[in-house]
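Novice: A single structure is presented below for examination.
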Amino acid sequence: MTEDDTQTFNSTVYYDEDADEEAIAHETVAVLGYGSQGHAHAQNLSESGVDVIVGLREDSSSRSAAESDGLRVETPADAAAEADIVSVLVPDTVQPDVYENAVEPNLDAGDTLQFAHGFNIHYNQIQPPEDVDVTMVAPKSPGHLVRRNYENDEGTPGLLAVYQDATGDAHDQGLAYAAAIGCTRAGVVETSFREETETDLFGEQAVLCGGVTSLVKQGYETLVDAGYSPEMAYFECLNELKLIVDLMYEDGLGGMWDSVSDTAEYGGLTQGDVIVDEHARENMEEVLEKVQNGEFAREWIAENQAGRPSYTQLRTAEKNHEIEAVGEELRGLFAWQDEEEDEEESAEVTA
């Protein structure tokens, strides 16, 4: 059964009591990759009693780390051949190659192919056979927090999607996997591959990564060009952003407005739409359309095939922006910088 592309978000949320651990208790899981998500999934699954194999290349620099964490490491092909569930957690850009060479030849009927992001399934870069389950368990957090929350008996919110249910057990198995990595402790929202992929790409481009960084840089440049010091521009347009985001994260927009001064609230309410106006909304709709029709996916795939020339150039320009040099100097002067470094060193010692 393939997902209906017209499926809409239904707000179903699952917790620990909804998951049946038996659905994964007797399965072997191959976690391909040991980066941000891979290391967290593998360690959390193992400590939840699941049989885990980490799939890494023979020359992978992560092999020693996985082995020192007490995990069995095999090549991706050998891991996939032995596993009942293959969790593909290598970067999106290399997933099709890993799938073609290591996973596809070793899939058996009834196996599960699992992802943490729907990009390659949704845009047909990976086309699985009809006799396997295809699921997604996507923690909505970087991997190091997934791991840290699990160790602290806390949870990380996540998403669950079923693209293909060949066995009839895909949903229950995916939910059990989400529980084993700690997501059902916080709550797992049911979605679809299409919805997760398109909203994720749009959010990154229009708001979380692209939109915010562009807004920060343009605000900084406006103040500096008007004669204000780079240090003050940095504080007002970048440093304090975290304070506002934390307030919104904790209590929503209303909680943020309640926490700032009346002057800040009035200024924000009256001028916010002047800055991010209908033109910005129209631009966002164009970004979304490129995500929906596959134009962005085709562009990104072609960029990688060409050796990432535009990506490299844009990345270099971003690192060379004046705000980066100013910020690095100021952060080095802050007392809390030393405190954070001490905390990180302490965490490394006790890990």
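Labels used: A, B, ... for chains in the order of the structure tokens, numbers from 1 for residues in each chain, and numbers from 1 for ligands as shown.
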Residues at most 6 Å from stretch 91-102 of chain A, counting only C-alpha atoms, excluding those fewer than 5 positions away in the same chain, as a list of chain:residue names?

Specialist: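 My list of contacting residues is A:Pro76, A:Ala77, A:Ile126.
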
Novice: If we count only C-alpha atoms, what is near A:Val90 at a cut-off of 9 Å, once residues fewer than 5 positions away on the same chain are taken out, given as a ChimeraX atom specification?

Specialist: /A:32-35,37-38,95,98

Novice: Limited to C-alpha atoms, could you put the picked residues into a file as a short mmCIF file (atom, residue, chain, number, x, y, z; two decimals), in the first residue's frame?

Specialist:
```cif
data_model
loop_
_atom_site.label_atom_id
_atom_site.label_comp_id
_atom_site.auth_asym_id
_atom_site.auth_seq_id
_atom_site.Cartn_x
_atom_site.Cartn_y
_atom_site.Cartn_z
CA LEU A 32 23.58 2.83 8.25
CA GLY A 33 25.72 5.81 9.23
CA TYR A 34 27.08 6.95 12.57
CA GLY A 35 26.78 10.71 12.30
CA GLN A 37 21.29 10.84 13.90
CA GLY A 38 23.01 7.50 13.37
CA GLN A 95 21.60 7.65 0.15
CA VAL A 98 24.28 3.40 -0.68
#
```

Novice: What are the nearest atom pairs, with distances in Å to one decimal, for all residues of stretch 272-328 of chain A that come at most 9 Å from stretch 221-235 of chain A, using only C-alpha atoms, set out by chain and rising residue number as JSON lines?

Specialist:
```
{"residue": "A:Glu322", "atom": "CA", "partner": "A:Pro230", "partner_atom": "CA", "distance": 8.7}
{"residue": "A:Ile323", "atom": "CA", "partner": "A:Tyr234", "partner_atom": "CA", "distance": 6.8}
{"residue": "A:Val326", "atom": "CA", "partner": "A:Glu231", "partner_atom": "CA", "distance": 6.7}
{"residue": "A:Gly327", "atom": "CA", "partner": "A:Tyr234", "partner_atom": "CA", "distance": 6.7}
```

Novice: Enumerate the residues of stretch 20-228 of chain A with a DSSP assignment of strand (DSSP E), computed from the backbone, and present them as a VMD selection string.

Specialist: chain A and resid 28 to 32 51 to 55 72 to 74 85 to 88 112 to 115 133 to 139 158 to 164 188 to 190

Novice: Write out as number ranges by chain which residues come within 12 Å of A:Val189 when counting only C-alpha atoms, dropping same-chain ones fewer than 5 positions away.

Specialist: A: 9-15, 136-140, 156-161, 174-175, 178, 183-184, 195-196

Novice: In Å, rounded to a single decimal, give me how far atom CA of A:Asp133 is from atom CA of A:Leu45.

Specialist: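 Distance between the two atoms: 19.3 Å.
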
Novice: Under the rule that only C-alpha atoms are counted, which of A:Asp18, A:Glu295, A:Asp165, A:Asp51 is the nearest residue to A:Arg72?

Specialist: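 When distances to A:Arg72 are compared using only C-alpha atoms, the smallest one comes from A:Asp51.
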
Novice: Neighbouring residues of A:Val287 were defined as those with any atom within 9 Å, considering only C-alpha atoms; residues of the same chain fewer than 4 positions away were excluded. Please report them as a ChimeraX atom specification.

Specialist: /A:202,205-206,282-283,291-292,296

Novice: So how many Å separate atom CA of A:Gln271 and atom CA of A:Tyr249, to one decimal?

Specialist: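 For atom CA of A:Gln271 relative to atom CA of A:Tyr249, the distance reads 21.9 Å.
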
Novice: Show which residues sit within 12 Å of A:Val103, as a PyMOL selection string. Count only C-alpha atoms, and ignore same-chain residues fewer than 2 positions away.

Specialist: chain A and resi 30-32+55+75-88+95-101+105-108+111-114+126-129

Novice: Provide the atom CA of A:Ala25 to atom CA of A:Ser48 distance in Å, to one decimal place.

Specialist: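 It comes out at 9.1 Å.
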
Novice: I'd like the contact shell of stretch 254-268 of chain A - 10 Å cut-off, only C-alpha atoms, skipping same-chain residues fewer than 5 positions apart - returned as a ChimeraX atom specification.

Specialist: /A:243-249,273-274

Novice: Kindly indicate which residue among A:Asp169, A:Gly118, A:Ser64, A:Gln43 lies nearest to A:Glu22, using only C-alpha atoms for the distances.

Specialist: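 Selected residue with least distance to A:Glu22: A:Asp169.
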
Novice: Considering only helix (DSSP H, G or I) as DSSP defines it on the backbone, what residues of stretch 13-214 of chain A qualify? List them as number ranges by chain.

Specialist: A: 16-18, 22-25, 36-47, 63-68, 76-82, 92-106, 119-122, 143-151, 170-180, 183-185, 193-208, 210-214

Novice: Could you check which of A:Leu71, A:Leu241, A:Val132, A:Leu288 is closest to A:Gly168, using only C-alpha atoms?

Specialist: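 Under the stated criterion, the closest residue is A:Val132.
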
Novice: So, counting only C-alpha atoms, which residue among A:Met284, A:Glu190, A:Ala306, A:Asn149 is closest to A:Glu204?

Specialist: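 Looking only at the distances to A:Glu204, the closest residue turns out to be A:Met284.
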